[in-house]
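Engineer: Can you read through this structure? Questions will come right after.
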Amino acid sequence: MNKAYKQEIMNRLDEKVERMMAQIGDNSPHAAGKDGKYDNMPHSWWTSGFWPGLLWLMHDVTGKDSFKDAAWDWDKKLAVGFSEYPNPMHHDVGFQFLPTSVIKHAITGDEDGLRIGLEAANFLAGRFNPVGNFIRAWNQWGEKDNTGWAIIDCLMNTPLLYWASDVTGDPRYKHIAMKHTDSVLEYAIRDDGSVCHILAFNPETGEFVEQIGGQGYSGTSAWSRGNSWALHGLAVAYRYTGEQRYLDAAKRIAHYFIAALPDDHVPYWDFRLPSLDGQPRDSSAAACAASGLIELAQGVPADEQGMYMAAAERILYSLSENYATWDKPDHQGILLEATAHKPANSHINVSLIYGDYYFAEAFAKLNGWERRIF
């Protein structure tokens, strides 16, 4: 992928996100329907940080104040959830506040951004189970007892804790993040580099109980977006800690992910399906993995970088040429054919705002963007 092509895509993203601002307005998007229009979710919903995060990213890349102005108040809107009862916030506060308050503070020095980011980090640290060494996923679901559950997605939330240690000088946040990550390494990542979605522990004793399929096909399958969360999250954990075991695990997951891709480099929603007939893709998994592969390439020795960068560029080229909405100006999403939750038949073959975010993040990195939030 040459330099001119990479810049061309950033120019297209600039135009596209400007259009999205007018279309989305103050809504909080998660998934676009078949009509191409994004929904409007509560500010406490786990994806609520990605749209303002996309705006902050585009402001940082282009310098345009229009993006900054549209993103500015989002962290305060999301932080209202901390004062609600029952509290709707959970482990995904990293997804919500890293691309809002944390990047806002990093770019502008805004003290409210710092305060809100640390409030979110304190909340996430408070979900740590010290006997099982895991951060609890979600809140109570009706009568289902999930107090001992941890999920692979949380590797993308733990950077909030590393950041908090950096800005406060207090290593306790980092220690919690590393304890959780070490539990993921022990129980979620298989020898071949595939990962499961949900880990179940006994919350009283900390004993590991089982792997659960969750948004994947089964407890023994390999949900493709879960693999991308793990790849990306472990590459970031290595950047913050320098711990070789995190880099080695990220490489193992990357090798599995790359080897399991179909010919067009965009995965189906799970890598271990009994048949691919009629099965949907997940462009959001591809976008997140591509951004993670770029992160990984920047952490390995120079003679290893080419393989990971080439894989990221193959994925991104396919997404741009085959899955993007460049010729659909009325469609509010950037990428088509994402899958949110196939076992629940929820948002299949749609645009998802986090897929859009990671696609833009990956191309920003290819064009030299060096700010690292996740």
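Simple scheme: letters A, B, ... for chains in structure tokens order, numbers from 1 for residues in each chain, numbers from 1 for ligands in the order shown.
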Would you list the contacts of region 35-42 of chain A as a PyMOL selection string, taking every protein, DNA or RNA residue within 6 Å and counting only C-alpha atoms, but skipping same-chain residues closer than 6 positions in sequence?
Structural biologist: chain A and resi 27-29+331-332
Engineer: Store the residues picked out above, limited to C-alpha atoms, as a PDB file, in the first residue's frame.
Structural biologist:
```pdb
ATOM      1  CA  ASN A  27     -27.187  10.895  18.768  1.00  0.00           C
ATOM      2  CA  SER A  28     -25.104   8.150  20.347  1.00  0.00           C
ATOM      3  CA  PRO A  29     -24.702   5.534  17.596  1.00  0.00           C
ATOM      4  CA  HIS A 331     -25.260   5.659   4.609  1.00  0.00           C
ATOM      5  CA  GLN A 332     -24.147   6.868   8.032  1.00  0.00           C
TER       6      GLN A 332
END
```
Engineer: Could you pull out the residues in region 114-338 of chain A that DSSP calls alpha helix (DSSP H) from the backbone, as a VMD selection string?
Structural biologist: chain A and resid 114 to 125 159 to 168 172 to 187 224 to 241 244 to 260 283 to 297 302 to 318
Engineer: Tell me, as a list in words, which residues lie within 7 Å of Gly94 (chain A), counting only C-alpha atoms; anything in the same chain fewer than 4 positions away does not count.
Structural biologist: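 In the requested format, the answer is Leu98, Asn157, Thr158 and Leu160 of chain A.
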Engineer: Output C-alpha atoms for every residue in the selection just made, as a short mmCIF file (atom, residue, chain, number, x, y, z; two decimals), in the first residue's frame.
Structural biologist:
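And here's again.cif as it stands now:
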```cif
data_model
loop_
_atom_site.label_atom_id
_atom_site.label_comp_id
_atom_site.auth_asym_id
_atom_site.auth_seq_id
_atom_site.Cartn_x
_atom_site.Cartn_y
_atom_site.Cartn_z
CA LEU A 98 -10.32 6.47 26.76
CA ASN A 157 -10.44 -1.51 28.76
CA THR A 158 -7.37 -2.10 30.92
CA LEU A 160 -7.46 3.03 31.19
#
```
Engineer: Applying 10 Å and only C-alpha atoms, which residues near Cys288 (chain A) remain after dropping the ones on its own chain fewer than 4 positions away? List them as a PyMOL selection string.
Structural biologist: chain A and resi 225-233+283-284+292-293+312+354-362
Engineer: Hey, which bits of region 145-186 of chain A sit within 9 Å of region 117-123 of chain A, and for each residue what's the closest pair of atoms and how far apart in Å (one decimal), counting only C-alpha atoms, rows by chain and increasing number, as a Markdown table?
Structural biologist:
```
| residue | atom | partner | partner_atom | distance |
| --- | --- | --- | --- | --- |
| A:Thr158 | CA | A:Ala121 | CA | 8.8 |
| A:Leu160 | CA | A:Ala121 | CA | 5.9 |
| A:Leu161 | CA | A:Ala121 | CA | 5.7 |
| A:Trp163 | CA | A:Ala121 | CA | 8.6 |
| A:Ala164 | CA | A:Leu118 | CA | 6.3 |
| A:Thr168 | CA | A:Leu118 | CA | 8.9 |
| A:Tyr173 | CA | A:Ala121 | CA | 7.8 |
```
